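Since the structure comes first, as structure tokens, the remarks are kept for the end.
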Amino acid sequence: MEHRFSYQTVIDKYYPAGSRLRDIYMRHCRSVADKALGIARRLGLPLDPGEIEAAAMLHDIGICLTDAPGIECRGTLPYLAHGYAGADLLRREGAPEAYARVAERHTGAGLTPGEIAAAGLPIPADRTYMPETQLERLVCYADKYYSKSGDMAEKPLDRVRASIAKFGPASASRFETLHREFS
């Protein structure tokens, strides 16, 4: 990985200091990063802690491009588009491809082209939205424990499972696979 890339510079560019959106963004991403780093340490994962931190801090970079007023997002895209839109933004900013892929593939427990088509989801169906690398799977998993609304505290496992189950048995099964890998 290229270590000259600064994730904080990208965050600062899109999330102005002193804004409520930045506070929400930073709190959520810091929680996800800390959980991912803790899991990696506990399990002795062969991942660079700096890369885990950067990928986790950037996984939701695209939310500012979406229309989600409840979390201060005033963009035009549907919220579900934040993953691919964030990946595109990171690529334009010269981020390592690994970080763009984490942004693109962290939604739910991954999305298949069939699920996108069946549900008529507002995202391009010609991309891969399944977390494949260990870094992608780790950040995807850690992200499921934190919301960007409400008290933003870590959710207990039963609430995470219930939240994922709403998207169907395939999503629930994929989450259980992530849980076995990282618990």
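By order in the structure tokens, chains are A, B, ...; within a chain, residues start at 1; ligands start at 1, following the order shown.
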
- [ ] Excluding Asp48 (chain A) and any residue of its chain fewer than 3 positions from it, enumerate the residues within 10 Å of it, using only C-alpha atoms, and give them as a PyMOL selection string.
- [x] chain A and resi 1+37+40+45+51-53+135

For the selection just defined, write its residues with C-alpha atoms to a file, as a CSV table (one decimal), in the first residue's frame.
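The result, written out as again-v1.csv:
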```
chain,number,residue,atom,x,y,z
A,1,MET,CA,0.0,0.0,0.0
A,37,LEU,CA,-8.5,-3.2,14.9
A,40,ALA,CA,-7.5,-8.1,14.0
A,45,LEU,CA,-4.9,-11.3,11.5
A,51,GLU,CA,-4.5,-0.1,6.4
A,52,ILE,CA,-7.3,-1.4,8.6
A,53,GLU,CA,-7.7,2.0,10.1
A,135,LEU,CA,-9.8,-6.5,4.8
```

TODO: Report the residues of chain A whose backbone DSSP state falls under helix (DSSP H, G or I), written as JSON, numbers by chain.
DONE: {"A": [7, 8, 9, 10, 11, 12, 13, 14, 20, 21, 22, 23, 24, 25, 26, 27, 28, 29, 30, 31, 32, 33, 34, 35, 36, 37, 38, 39, 40, 41, 42, 43, 49, 50, 51, 52, 53, 54, 55, 56, 57, 58, 61, 62, 63, 64, 65, 69, 70, 71, 79, 80, 81, 82, 83, 84, 85, 86, 87, 88, 89, 90, 91, 92, 97, 98, 99, 100, 101, 102, 103, 104, 105, 113, 114, 115, 116, 117, 118, 119, 134, 135, 136, 137, 138, 139, 140, 141, 142, 143, 157, 158, 159, 160, 161, 162, 163, 164, 165, 169, 170, 171, 172, 173, 174, 175, 176, 177, 178, 179, 180, 181, 182]}

Can you list, as a PDB file with N, CA and C atoms, in the first residue's frame, every protein, DNA or RNA residue that comes within 10 Å of His179 (chain A) when you count only C-alpha atoms, leaving out same-chain residues fewer than 2 positions away?
```pdb
ATOM      1  N   ARG A 137     -13.881  -8.003   4.237  1.00  0.00           N
ATOM      2  CA  ARG A 137     -14.795  -8.732   5.121  1.00  0.00           C
ATOM      3  C   ARG A 137     -14.739  -8.187   6.546  1.00  0.00           C
ATOM      4  N   LEU A 138     -13.540  -7.855   7.015  1.00  0.00           N
ATOM      5  CA  LEU A 138     -13.372  -7.354   8.378  1.00  0.00           C
ATOM      6  C   LEU A 138     -14.111  -6.030   8.584  1.00  0.00           C
ATOM      7  N   TYR A 141     -17.877  -6.488   8.444  1.00  0.00           N
ATOM      8  CA  TYR A 141     -18.367  -7.095   9.683  1.00  0.00           C
ATOM      9  C   TYR A 141     -18.411  -6.072  10.820  1.00  0.00           C
ATOM     10  N   ALA A 142     -17.336  -5.361  11.035  1.00  0.00           N
ATOM     11  CA  ALA A 142     -17.279  -4.381  12.134  1.00  0.00           C
ATOM     12  C   ALA A 142     -18.341  -3.298  11.963  1.00  0.00           C
ATOM     13  N   LEU A 157     -25.130  -8.361  19.457  1.00  0.00           N
ATOM     14  CA  LEU A 157     -25.179  -9.303  18.337  1.00  0.00           C
ATOM     15  C   LEU A 157     -26.611  -9.622  17.918  1.00  0.00           C
ATOM     16  N   ARG A 161     -27.981  -9.214  14.120  1.00  0.00           N
ATOM     17  CA  ARG A 161     -28.596 -10.318  13.373  1.00  0.00           C
ATOM     18  C   ARG A 161     -29.999  -9.950  12.890  1.00  0.00           C
ATOM     19  N   SER A 173     -27.275 -15.476   6.223  1.00  0.00           N
ATOM     20  CA  SER A 173     -26.276 -16.547   6.120  1.00  0.00           C
ATOM     21  C   SER A 173     -24.881 -15.969   5.887  1.00  0.00           C
ATOM     22  N   ARG A 174     -24.782 -14.950   5.028  1.00  0.00           N
ATOM     23  CA  ARG A 174     -23.476 -14.327   4.783  1.00  0.00           C
ATOM     24  C   ARG A 174     -22.948 -13.660   6.059  1.00  0.00           C
ATOM     25  N   PHE A 175     -23.848 -13.022   6.824  1.00  0.00           N
ATOM     26  CA  PHE A 175     -23.401 -12.411   8.069  1.00  0.00           C
ATOM     27  C   PHE A 175     -22.882 -13.486   9.024  1.00  0.00           C
ATOM     28  N   GLU A 176     -23.573 -14.619   9.124  1.00  0.00           N
ATOM     29  CA  GLU A 176     -23.120 -15.691  10.028  1.00  0.00           C
ATOM     30  C   GLU A 176     -21.745 -16.211   9.620  1.00  0.00           C
ATOM     31  N   THR A 177     -21.473 -16.243   8.322  1.00  0.00           N
ATOM     32  CA  THR A 177     -20.144 -16.634   7.851  1.00  0.00           C
ATOM     33  C   THR A 177     -19.101 -15.621   8.322  1.00  0.00           C
ATOM     34  N   GLU A 181     -15.981 -16.117  11.113  1.00  0.00           N
ATOM     35  CA  GLU A 181     -14.599 -15.742  10.790  1.00  0.00           C
ATOM     36  C   GLU A 181     -14.006 -14.795  11.825  1.00  0.00           C
ATOM     37  N   PHE A 182     -14.799 -13.862  12.331  1.00  0.00           N
ATOM     38  CA  PHE A 182     -14.252 -12.774  13.137  1.00  0.00           C
ATOM     39  C   PHE A 182     -14.628 -12.783  14.614  1.00  0.00           C
ATOM     40  N   SER A 183     -15.406 -13.775  15.052  1.00  0.00           N
ATOM     41  CA  SER A 183     -15.787 -13.796  16.474  1.00  0.00           C
ATOM     42  C   SER A 183     -14.861 -14.700  17.276  1.00  0.00           C
TER      43      SER A 183
END
```

TODO: Just list the residues in region 60-179 of chain A DSSP gives strand (DSSP E or B) on the backbone, as a list in words.
DONE: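 Taking region 60-179 of chain A and keeping strand (DSSP E or B) gives Thr66, Asp67, Ala68, Cys73, Arg74, Leu77, Gly108, Gly110, Leu111 and Tyr129 of chain A.
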
Could those residues be written to a file, using N, CA, C and O atoms, as a PDB file, in the first residue's frame?
```
ATOM      1  N   THR A  66     -25.260  11.482  -0.616  1.00  0.00           N
ATOM      2  CA  THR A  66     -26.605  10.917  -0.590  1.00  0.00           C
ATOM      3  C   THR A  66     -27.600  11.843   0.094  1.00  0.00           C
ATOM      4  O   THR A  66     -27.231  12.772   0.814  1.00  0.00           O
ATOM      5  N   ASP A  67     -28.862  11.555  -0.124  1.00  0.00           N
ATOM      6  CA  ASP A  67     -29.965  12.298   0.485  1.00  0.00           C
ATOM      7  C   ASP A  67     -30.433  11.522   1.712  1.00  0.00           C
ATOM      8  O   ASP A  67     -31.255  10.609   1.611  1.00  0.00           O
ATOM      9  N   ALA A  68     -29.864  11.873   2.861  1.00  0.00           N
ATOM     10  CA  ALA A  68     -30.221  11.240   4.136  1.00  0.00           C
ATOM     11  C   ALA A  68     -30.229  12.328   5.210  1.00  0.00           C
ATOM     12  O   ALA A  68     -29.306  12.419   6.022  1.00  0.00           O
ATOM     13  N   CYS A  73     -26.992  14.350   5.681  1.00  0.00           N
ATOM     14  CA  CYS A  73     -26.484  14.172   4.322  1.00  0.00           C
ATOM     15  C   CYS A  73     -27.446  14.868   3.357  1.00  0.00           C
ATOM     16  O   CYS A  73     -28.636  14.548   3.337  1.00  0.00           O
ATOM     17  N   ARG A  74     -26.917  15.798   2.560  1.00  0.00           N
ATOM     18  CA  ARG A  74     -27.759  16.639   1.704  1.00  0.00           C
ATOM     19  C   ARG A  74     -27.432  16.465   0.220  1.00  0.00           C
ATOM     20  O   ARG A  74     -27.577  17.385  -0.571  1.00  0.00           O
ATOM     21  N   LEU A  77     -28.071  11.383  -4.264  1.00  0.00           N
ATOM     22  CA  LEU A  77     -28.168   9.942  -4.497  1.00  0.00           C
ATOM     23  C   LEU A  77     -28.964   9.261  -3.393  1.00  0.00           C
ATOM     24  O   LEU A  77     -28.987   9.737  -2.257  1.00  0.00           O
ATOM     25  N   GLY A 108     -24.540  -3.985   3.818  1.00  0.00           N
ATOM     26  CA  GLY A 108     -25.171  -5.217   4.277  1.00  0.00           C
ATOM     27  C   GLY A 108     -24.092  -6.237   4.580  1.00  0.00           C
ATOM     28  O   GLY A 108     -23.065  -5.922   5.164  1.00  0.00           O
ATOM     29  N   GLY A 110     -22.916  -7.822   1.997  1.00  0.00           N
ATOM     30  CA  GLY A 110     -22.626  -7.981   0.578  1.00  0.00           C
ATOM     31  C   GLY A 110     -23.934  -8.067  -0.194  1.00  0.00           C
ATOM     32  O   GLY A 110     -24.985  -8.385   0.369  1.00  0.00           O
ATOM     33  N   LEU A 111     -23.869  -7.729  -1.465  1.00  0.00           N
ATOM     34  CA  LEU A 111     -25.050  -7.785  -2.336  1.00  0.00           C
ATOM     35  C   LEU A 111     -24.671  -8.506  -3.623  1.00  0.00           C
ATOM     36  O   LEU A 111     -23.625  -8.224  -4.210  1.00  0.00           O
ATOM     37  N   TYR A 129     -20.295  -6.322  -5.310  1.00  0.00           N
ATOM     38  CA  TYR A 129     -20.582  -5.754  -3.991  1.00  0.00           C
ATOM     39  C   TYR A 129     -20.433  -6.789  -2.879  1.00  0.00           C
ATOM     40  O   TYR A 129     -20.979  -6.617  -1.797  1.00  0.00           O
TER      41      TYR A 129
END
```

Task: Neighbour list for Asp34 (chain A) as JSON, numbers by chain, cut-off 12 Å, only C-alpha atoms, skip fewer than 2 positions in-chain - done: {"A": [26, 27, 28, 29, 30, 31, 32, 36, 37, 38, 39, 40, 41, 49, 50, 52, 53, 54, 55, 56, 57, 138, 139, 142, 143, 145, 146, 154]}

Go ahead and write the selection's residues with N, CA and C atoms as a compact mmCIF listing (two decimals), in the first residue's frame.
```txt
# COMPACT_ATOMS: atom_id res chain seq x y z
N MET A 26 -17.28 10.94 11.77
CA MET A 26 -16.06 10.58 12.51
C MET A 26 -16.37 9.62 13.66
N ARG A 27 -17.47 9.83 14.35
CA ARG A 27 -17.80 8.94 15.46
C ARG A 27 -18.09 7.54 14.95
N HIS A 28 -18.89 7.44 13.88
CA HIS A 28 -19.21 6.12 13.33
C HIS A 28 -17.94 5.42 12.82
N CYS A 29 -17.18 6.09 11.98
CA CYS A 29 -16.02 5.45 11.38
C CYS A 29 -14.95 5.11 12.41
N ARG A 30 -14.77 5.95 13.41
CA ARG A 30 -13.81 5.65 14.48
C ARG A 30 -14.23 4.40 15.24
N SER A 31 -15.54 4.27 15.51
CA SER A 31 -16.05 3.08 16.20
C SER A 31 -15.79 1.82 15.37
N VAL A 32 -16.07 1.90 14.06
CA VAL A 32 -15.84 0.77 13.17
C VAL A 32 -14.35 0.44 13.12
N ALA A 36 -12.66 -3.06 14.28
CA ALA A 36 -11.89 -3.86 13.32
C ALA A 36 -10.46 -4.08 13.80
N LEU A 37 -9.84 -3.03 14.34
CA LEU A 37 -8.47 -3.16 14.86
C LEU A 37 -8.42 -4.12 16.04
N GLY A 38 -9.43 -4.06 16.91
CA GLY A 38 -9.49 -4.97 18.06
C GLY A 38 -9.63 -6.42 17.63
N ILE A 39 -10.49 -6.66 16.65
CA ILE A 39 -10.66 -8.03 16.13
C ILE A 39 -9.35 -8.51 15.52
N ALA A 40 -8.71 -7.68 14.71
CA ALA A 40 -7.46 -8.06 14.05
C ALA A 40 -6.38 -8.41 15.07
N ARG A 41 -6.29 -7.59 16.13
CA ARG A 41 -5.31 -7.88 17.20
C ARG A 41 -5.62 -9.19 17.90
N PRO A 49 -2.22 -2.74 10.49
CA PRO A 49 -3.15 -1.92 11.27
C PRO A 49 -3.43 -0.55 10.64
N GLY A 50 -2.44 0.03 9.99
CA GLY A 50 -2.65 1.31 9.32
C GLY A 50 -3.63 1.20 8.17
N ILE A 52 -6.01 -1.17 7.96
CA ILE A 52 -7.33 -1.41 8.57
C ILE A 52 -7.94 -0.07 8.97
N GLU A 53 -7.16 0.75 9.65
CA GLU A 53 -7.67 2.04 10.11
C GLU A 53 -8.11 2.91 8.94
N ALA A 54 -7.26 3.04 7.93
CA ALA A 54 -7.60 3.88 6.78
C ALA A 54 -8.85 3.38 6.07
N ALA A 55 -8.92 2.08 5.82
CA ALA A 55 -10.08 1.52 5.11
C ALA A 55 -11.36 1.72 5.93
N ALA A 56 -11.28 1.52 7.22
CA ALA A 56 -12.46 1.70 8.08
C ALA A 56 -12.86 3.16 8.16
N MET A 57 -11.88 4.05 8.23
CA MET A 57 -12.20 5.48 8.32
C MET A 57 -12.78 6.02 7.01
N LEU A 138 -13.54 -7.85 7.01
CA LEU A 138 -13.37 -7.35 8.38
C LEU A 138 -14.11 -6.03 8.58
N VAL A 139 -13.92 -5.07 7.68
CA VAL A 139 -14.58 -3.77 7.84
C VAL A 139 -16.09 -3.92 7.66
N ALA A 142 -17.34 -5.36 11.04
CA ALA A 142 -17.28 -4.38 12.13
C ALA A 142 -18.34 -3.30 11.96
N ASP A 143 -18.60 -2.91 10.72
CA ASP A 143 -19.58 -1.86 10.43
C ASP A 143 -20.98 -2.23 10.88
N TYR A 145 -22.06 -3.36 13.49
CA TYR A 145 -22.31 -3.14 14.92
C TYR A 145 -22.59 -1.68 15.27
N TYR A 146 -22.52 -0.79 14.28
CA TYR A 146 -22.69 0.64 14.58
C TYR A 146 -23.60 1.31 13.58
N GLU A 154 -22.40 0.63 20.40
CA GLU A 154 -22.28 -0.68 19.77
C GLU A 154 -23.55 -1.49 19.99
```

- [ ] Compare A:Leu47, A:Ile63, A:Ala87, A:Ala109 by their minimum atom-to-atom distance to Ile164 (chain A), counting only C-alpha atoms, and give me the closest one.
- [x]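 Using only C-alpha atoms, Ile164 (chain A) sits closest to A:Ala109.
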
Open item on the list: Taking only C-alpha atoms into account, name the residue in A:Ala33, A:Val160, A:Ile61, A:Ala170 that is nearest to Ala95 (chain A).
Closed with: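 Going through A:Ala33, A:Val160, A:Ile61, A:Ala170 one by one, the smallest distance to Ala95 (chain A) is for A:Ile61.
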
Task: Among the residues A:Ala85, A:Ala117, A:Cys140, A:Met152, the one that comes closest to Ala100 (chain A) [using only C-alpha atoms] - done: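 For Ala100 (chain A), the nearest of the candidates is A:Ala85.
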